[in-house]
Amino acid sequence: MRYLIVAAKTGGHVFPAATISSELISNNNEIILLGTGNDIEKNAYKNLDSKFYKLSIEGFRGGSVLHKLKVIYQAFKNIFIVIKIVKKNKIDAMIGFGGFITVPAGIACWIKKIPVFIHEQNSVMGSANKLLSNIAKKTFLGFPIKKLEKSIISGNPIRKSFLINLETVNNNDRDEIRIYVTGGSQGAEFINQEIPKAINKLSGKLKIKHQCGQGNQEEVAKLYNSFSINAEVLDFYENPASQILWSDFVICRAGALSLSETISCRRGGIIVPLPTSIDNHQVENAKCIQKMKMGVLHEEKDGRNDLIDKLKKVIERKLFSDWKKFNVNDHVNASKIILEHLESYFKT
């Protein structure tokens with residue numbers, strides 16, 4: 001089988017695409033990659049034996065009318081480009097992982113009567129996946145979404161670096177509490193500014209690792225130092241799995257993949273959704289984790305005092321010890337589930 005894998009721009013789309021691509025190759029399939037060619041894609045796909053095609057297209061939502069007209073023009077133009085790619089490479093099926101780039105690719109495959117499959121990472125359907133769900137043979141879901149036909153709750157495919165023997169890293173016999181703080185690879189102003197101030201109000205021996213995003217290290221480190229807090233501050237950690245497993249709990253945004261990887265490492269935390277996320281999907285993601293009893297939701301609007309109270313609750317009640325005991329497999333088996341359903345579809 002030869003699959004067209006389509007994803008772009010954000011790690012939440014691209015990393016699951018890379019994980020599934022690797023599994024497909026391991027199962028004697030061929031893959032053709034389609035993206036926008038940004039650095040996230042290049043890094044995620046660098047070890048994959050495959051062709052890569054680049055399309056130029058921007059996001060549809062949030063722009064002016066003129067911008068949307070431009071994107072619609074790009075989409076129509078790209079439909080014909082993808083049709084040529086499909087014919088040239090004799091594609092058997094497409095899997096889209098979100099982002100507007102999947103729309104012209106999905107339509108092109110539909111025109112050529114090639115089966116389309118999609119994967120939605122969040123607990124709210126993205127715009128592109130909403131459109132493609134009407135023509136998709138199956139929609140794989142990272143989190144449950146109600147009233148969605150032809151859907152399968154697969155979980156989010158987890159990178160192999162997160163799937164290690166967790167029993168060796170769950171030791172609580174320490175006199176310090178370790179917290180990993182991250183606003184994602186780009187950093188987050190609220191997390192960079194408010195978390196050090198909140199941690200300053202906590203008692204006990206704490207050790208912090210804080211990923212602050214490029215260009216923010218000096219300012220964030222200075223803030224921790226002003227409070228005499230033991231903190232390692234870096235722009236970016238190459239191996240987030242190691243930092244999560246080092247920690248007792250995390251403080252993070254509510255991106256679907258980040259949360260899936262964190263709970264798969266048997267870590268919970270304080271989850272601070274991005275307030276401007278489209279369709280408020282980060283809040284809904286955080287609610288899913290809170291419902292699983294693997295985290296505590298804190299919205300920025302709740303204020304610093306509420307954040308301090310939640311941190312004290314996690315530490316004083318040792319909720320992090322309970323989180324480490326939960327064997328969460330919702331996402332660990334995602335790749336296997338997706339591949340099994342793909343194989344089953346083509347056997348029938």
# chains A, B, ... in the order shown; residues from 1 in each chain; ligands from 1
>>> closest_atom_pairs(of="region 242-316 of chain A", to="region 210-227 of chain A", cutoff="10 Å", atoms="only C-alpha atoms", output="CSV")
residue,atom,partner,partner_atom,distance
A:Gln243,CA,A:His210,CA,9.5
A:Val250,CA,A:His210,CA,9.8
A:Ile251,CA,A:His210,CA,9.3
A:Cys252,CA,A:Gln211,CA,9.9
>>> residues_around(residues="Ile153 (chain A)", least_positions_apart="4", cutoff="10 Å", atoms="only C-alpha atoms", output="PDB file with N, CA, C and O atoms, in the first residue's frame")
ATOM      1  N   HIS A 119      -7.461  12.060  11.100  1.00  0.00           N
ATOM      2  CA  HIS A 119      -7.243  11.915  12.539  1.00  0.00           C
ATOM      3  C   HIS A 119      -7.395  13.282  13.193  1.00  0.00           C
ATOM      4  O   HIS A 119      -6.757  14.248  12.780  1.00  0.00           O
ATOM      5  N   GLU A 120      -8.264  13.353  14.210  1.00  0.00           N
ATOM      6  CA  GLU A 120      -8.484  14.588  14.961  1.00  0.00           C
ATOM      7  C   GLU A 120      -7.860  14.429  16.350  1.00  0.00           C
ATOM      8  O   GLU A 120      -8.245  13.548  17.111  1.00  0.00           O
ATOM      9  N   THR A 139     -12.923   8.383  10.691  1.00  0.00           N
ATOM     10  CA  THR A 139     -12.321   9.489  11.422  1.00  0.00           C
ATOM     11  C   THR A 139     -11.782   8.946  12.735  1.00  0.00           C
ATOM     12  O   THR A 139     -12.542   8.453  13.569  1.00  0.00           O
ATOM     13  N   PHE A 140     -10.470   9.006  12.921  1.00  0.00           N
ATOM     14  CA  PHE A 140      -9.844   8.553  14.160  1.00  0.00           C
ATOM     15  C   PHE A 140      -9.787   9.726  15.140  1.00  0.00           C
ATOM     16  O   PHE A 140      -9.432  10.841  14.762  1.00  0.00           O
ATOM     17  N   LEU A 141     -10.136   9.464  16.387  1.00  0.00           N
ATOM     18  CA  LEU A 141     -10.254  10.522  17.386  1.00  0.00           C
ATOM     19  C   LEU A 141      -9.249  10.339  18.521  1.00  0.00           C
ATOM     20  O   LEU A 141      -9.126   9.250  19.087  1.00  0.00           O
ATOM     21  N   GLY A 142      -8.560  11.429  18.867  1.00  0.00           N
ATOM     22  CA  GLY A 142      -7.663  11.406  20.015  1.00  0.00           C
ATOM     23  C   GLY A 142      -8.426  11.423  21.319  1.00  0.00           C
ATOM     24  O   GLY A 142      -8.037  10.782  22.292  1.00  0.00           O
ATOM     25  N   PHE A 143      -9.533  12.177  21.359  1.00  0.00           N
ATOM     26  CA  PHE A 143     -10.433  12.251  22.515  1.00  0.00           C
ATOM     27  C   PHE A 143     -11.863  12.043  22.018  1.00  0.00           C
ATOM     28  O   PHE A 143     -12.156  12.315  20.845  1.00  0.00           O
ATOM     29  N   PRO A 144     -12.749  11.579  22.890  1.00  0.00           N
ATOM     30  CA  PRO A 144     -14.137  11.349  22.449  1.00  0.00           C
ATOM     31  C   PRO A 144     -14.810  12.621  21.950  1.00  0.00           C
ATOM     32  O   PRO A 144     -14.676  13.689  22.549  1.00  0.00           O
ATOM     33  N   ILE A 145     -15.519  12.513  20.841  1.00  0.00           N
ATOM     34  CA  ILE A 145     -16.350  13.589  20.307  1.00  0.00           C
ATOM     35  C   ILE A 145     -17.714  12.975  19.996  1.00  0.00           C
ATOM     36  O   ILE A 145     -17.809  12.007  19.246  1.00  0.00           O
ATOM     37  N   ASP A 330      -4.804   5.147  27.019  1.00  0.00           N
ATOM     38  CA  ASP A 330      -5.703   5.703  26.008  1.00  0.00           C
ATOM     39  C   ASP A 330      -4.981   6.063  24.715  1.00  0.00           C
ATOM     40  O   ASP A 330      -5.561   6.003  23.628  1.00  0.00           O
ATOM     41  N   HIS A 331      -3.703   6.451  24.828  1.00  0.00           N
ATOM     42  CA  HIS A 331      -2.951   6.904  23.660  1.00  0.00           C
ATOM     43  C   HIS A 331      -1.774   5.992  23.316  1.00  0.00           C
ATOM     44  O   HIS A 331      -1.275   6.046  22.197  1.00  0.00           O
ATOM     45  N   ALA A 334      -2.544   3.874  20.341  1.00  0.00           N
ATOM     46  CA  ALA A 334      -3.210   4.576  19.236  1.00  0.00           C
ATOM     47  C   ALA A 334      -2.706   4.125  17.870  1.00  0.00           C
ATOM     48  O   ALA A 334      -3.495   3.860  16.956  1.00  0.00           O
ATOM     49  N   ILE A 337      -4.046   0.706  16.938  1.00  0.00           N
ATOM     50  CA  ILE A 337      -5.487   0.738  16.626  1.00  0.00           C
ATOM     51  C   ILE A 337      -5.711   1.299  15.222  1.00  0.00           C
ATOM     52  O   ILE A 337      -6.493   0.750  14.435  1.00  0.00           O
ATOM     53  N   ILE A 338      -5.037   2.395  14.896  1.00  0.00           N
ATOM     54  CA  ILE A 338      -5.203   3.020  13.584  1.00  0.00           C
ATOM     55  C   ILE A 338      -4.771   2.063  12.479  1.00  0.00           C
ATOM     56  O   ILE A 338      -5.482   1.875  11.475  1.00  0.00           O
TER      57      ILE A 338
END
>>> select_by_dssp(residues="region 26-187 of chain A", states="alpha helix (DSSP H)", output="number ranges by chain")
A: 26, 39-45, 65-89, 102-111, 127-132
>>> write_last_selection(atoms="N, CA and C atoms", output="compact mmCIF listing (two decimals), in the first residue's frame")
# COMPACT_ATOMS: atom_id res chain seq x y z
N SER A 26 7.20 0.43 8.80
CA SER A 26 7.59 -0.81 9.49
C SER A 26 6.73 -1.99 9.07
N ASP A 39 10.11 24.09 9.67
CA ASP A 39 11.15 23.39 10.43
C ASP A 39 10.58 22.24 11.27
N ILE A 40 9.37 22.41 11.80
CA ILE A 40 8.76 21.34 12.58
C ILE A 40 8.60 20.09 11.73
N GLU A 41 8.12 20.28 10.51
CA GLU A 41 7.94 19.14 9.60
C GLU A 41 9.29 18.50 9.25
N LYS A 42 10.26 19.34 8.92
CA LYS A 42 11.58 18.81 8.55
C LYS A 42 12.19 17.98 9.67
N ASN A 43 12.09 18.46 10.89
CA ASN A 43 12.66 17.73 12.03
C ASN A 43 11.88 16.44 12.32
N ALA A 44 10.57 16.50 12.21
CA ALA A 44 9.75 15.33 12.51
C ALA A 44 9.93 14.22 11.48
N TYR A 45 10.16 14.61 10.22
CA TYR A 45 10.21 13.63 9.13
C TYR A 45 11.63 13.24 8.71
N VAL A 65 -11.51 39.13 5.01
CA VAL A 65 -12.22 38.58 3.84
C VAL A 65 -11.23 38.40 2.69
N LEU A 66 -10.35 39.38 2.49
CA LEU A 66 -9.35 39.30 1.43
C LEU A 66 -8.43 38.10 1.64
N HIS A 67 -8.03 37.90 2.90
CA HIS A 67 -7.16 36.76 3.22
C HIS A 67 -7.87 35.44 2.91
N LYS A 68 -9.14 35.36 3.28
CA LYS A 68 -9.89 34.12 3.05
C LYS A 68 -10.06 33.84 1.56
N LEU A 69 -10.28 34.88 0.79
CA LEU A 69 -10.37 34.70 -0.67
C LEU A 69 -9.05 34.18 -1.24
N LYS A 70 -7.95 34.68 -0.69
CA LYS A 70 -6.63 34.22 -1.11
C LYS A 70 -6.45 32.75 -0.79
N VAL A 71 -6.87 32.34 0.40
CA VAL A 71 -6.72 30.93 0.82
C VAL A 71 -7.59 30.02 -0.04
N ILE A 72 -8.81 30.48 -0.37
CA ILE A 72 -9.69 29.69 -1.23
C ILE A 72 -9.05 29.48 -2.60
N TYR A 73 -8.43 30.55 -3.13
CA TYR A 73 -7.71 30.44 -4.41
C TYR A 73 -6.57 29.43 -4.29
N GLN A 74 -5.80 29.52 -3.18
CA GLN A 74 -4.70 28.58 -2.96
C GLN A 74 -5.22 27.14 -2.90
N ALA A 75 -6.35 26.96 -2.25
CA ALA A 75 -6.91 25.62 -2.09
C ALA A 75 -7.28 25.03 -3.45
N PHE A 76 -7.98 25.80 -4.28
CA PHE A 76 -8.36 25.30 -5.61
C PHE A 76 -7.13 24.97 -6.46
N LYS A 77 -6.15 25.84 -6.40
CA LYS A 77 -4.91 25.61 -7.15
C LYS A 77 -4.23 24.33 -6.68
N ASN A 78 -4.22 24.12 -5.36
CA ASN A 78 -3.53 22.96 -4.79
C ASN A 78 -4.26 21.65 -5.05
N ILE A 79 -5.56 21.71 -5.27
CA ILE A 79 -6.30 20.49 -5.62
C ILE A 79 -5.69 19.85 -6.86
N PHE A 80 -5.42 20.66 -7.86
CA PHE A 80 -4.87 20.14 -9.11
C PHE A 80 -3.42 19.69 -8.95
N ILE A 81 -2.69 20.37 -8.07
CA ILE A 81 -1.31 19.95 -7.79
C ILE A 81 -1.30 18.58 -7.12
N VAL A 82 -2.21 18.38 -6.15
CA VAL A 82 -2.27 17.10 -5.43
C VAL A 82 -2.75 15.98 -6.36
N ILE A 83 -3.67 16.28 -7.26
CA ILE A 83 -4.11 15.26 -8.23
C ILE A 83 -2.91 14.74 -9.01
N LYS A 84 -2.01 15.63 -9.42
CA LYS A 84 -0.81 15.21 -10.14
C LYS A 84 0.10 14.35 -9.26
N ILE A 85 0.22 14.74 -7.98
CA ILE A 85 1.05 13.97 -7.04
C ILE A 85 0.47 12.57 -6.85
N VAL A 86 -0.84 12.50 -6.71
CA VAL A 86 -1.53 11.23 -6.52
C VAL A 86 -1.33 10.31 -7.72
N LYS A 87 -1.48 10.87 -8.91
CA LYS A 87 -1.31 10.06 -10.13
C LYS A 87 0.14 9.61 -10.31
N LYS A 88 1.07 10.52 -10.10
CA LYS A 88 2.49 10.22 -10.29
C LYS A 88 2.97 9.13 -9.34
N ASN A 89 2.48 9.16 -8.09
CA ASN A 89 2.96 8.23 -7.07
C ASN A 89 2.03 7.03 -6.84
N THR A 102 -4.92 19.92 4.51
CA THR A 102 -5.58 18.63 4.27
C THR A 102 -6.83 18.77 3.40
N VAL A 103 -7.39 19.97 3.32
CA VAL A 103 -8.63 20.15 2.56
C VAL A 103 -8.42 19.95 1.06
N PRO A 104 -7.51 20.69 0.40
CA PRO A 104 -7.30 20.42 -1.03
C PRO A 104 -6.79 19.01 -1.28
N ALA A 105 -5.97 18.47 -0.37
CA ALA A 105 -5.47 17.10 -0.54
C ALA A 105 -6.61 16.10 -0.47
N GLY A 106 -7.51 16.29 0.50
CA GLY A 106 -8.65 15.39 0.65
C GLY A 106 -9.60 15.45 -0.54
N ILE A 107 -9.86 16.65 -1.02
CA ILE A 107 -10.74 16.81 -2.18
C ILE A 107 -10.12 16.18 -3.43
N ALA A 108 -8.81 16.37 -3.58
CA ALA A 108 -8.11 15.77 -4.73
C ALA A 108 -8.23 14.25 -4.70
N CYS A 109 -8.04 13.66 -3.53
CA CYS A 109 -8.15 12.20 -3.41
C CYS A 109 -9.58 11.74 -3.64
N TRP A 110 -10.54 12.51 -3.14
CA TRP A 110 -11.95 12.16 -3.35
C TRP A 110 -12.30 12.18 -4.84
N ILE A 111 -11.79 13.19 -5.54
CA ILE A 111 -12.02 13.28 -6.99
C ILE A 111 -11.45 12.04 -7.69
N SER A 127 -11.63 22.81 11.83
CA SER A 127 -12.40 23.18 10.64
C SER A 127 -12.12 22.27 9.45
N ALA A 128 -10.84 21.98 9.21
CA ALA A 128 -10.48 21.12 8.08
C ALA A 128 -11.06 19.73 8.24
N ASN A 129 -10.95 19.19 9.43
CA ASN A 129 -11.49 17.84 9.67
C ASN A 129 -13.01 17.81 9.62
N LYS A 130 -13.65 18.91 10.01
CA LYS A 130 -15.12 18.97 9.88
C LYS A 130 -15.53 18.82 8.42
N LEU A 131 -14.82 19.51 7.56
CA LEU A 131 -15.12 19.42 6.13
C LEU A 131 -14.84 18.02 5.59
N LEU A 132 -13.68 17.49 5.94
CA LEU A 132 -13.27 16.20 5.39
C LEU A 132 -14.03 15.01 5.99
>>> closest_residue(among="A:Glu340, A:Asp175, A:Glu284, A:Glu299", to="Asn122 (chain A)", atoms="only C-alpha atoms")
A:Glu284
>>> closest_residue(among="A:Lys201, A:His281, A:Lys324, A:Lys310", to="Asp248 (chain A)", atoms="only C-alpha atoms")
A:Lys324
>>> closest_residue(among="A:Val116, A:Ala7, A:Ala18, A:Ile57", to="Tyr345 (chain A)", atoms="only C-alpha atoms")
A:Val116
>>> closest_residue(among="A:Gly99, A:Val124, A:Cys288, A:Gly268", to="Asp322 (chain A)", atoms="only C-alpha atoms")
A:Gly268
>>> closest_residue(among="A:Ile270, A:Ile208, A:Ile179, A:Leu311", to="Ser247 (chain A)", atoms="only C-alpha atoms")
A:Ile179
>>> closest_residue(among="A:Gly126, A:Gly96, A:Pro115, A:Pro157", to="Thr19 (chain A)", atoms="only C-alpha atoms")
A:Pro157
>>> atom_distance(atom1="CA of Cys265 (chain A)", atom2="CA of Val328 (chain A)")
8.2 Å
>>> select_by_dssp(residues="region 151-316 of chain A", states="strand (DSSP E)", output="PyMOL selection string")
chain A and resi 151-153+177-182+206-211+231-234+249-252+269-271+295-297
>>> atom_distance(atom1="CA of Asn29 (chain A)", atom2="CA of Asp92 (chain A)")
10.4 Å
>>> atom_distance(atom1="CA of Ala136 (chain A)", atom2="CA of Glu23 (chain A)")
21.0 Å
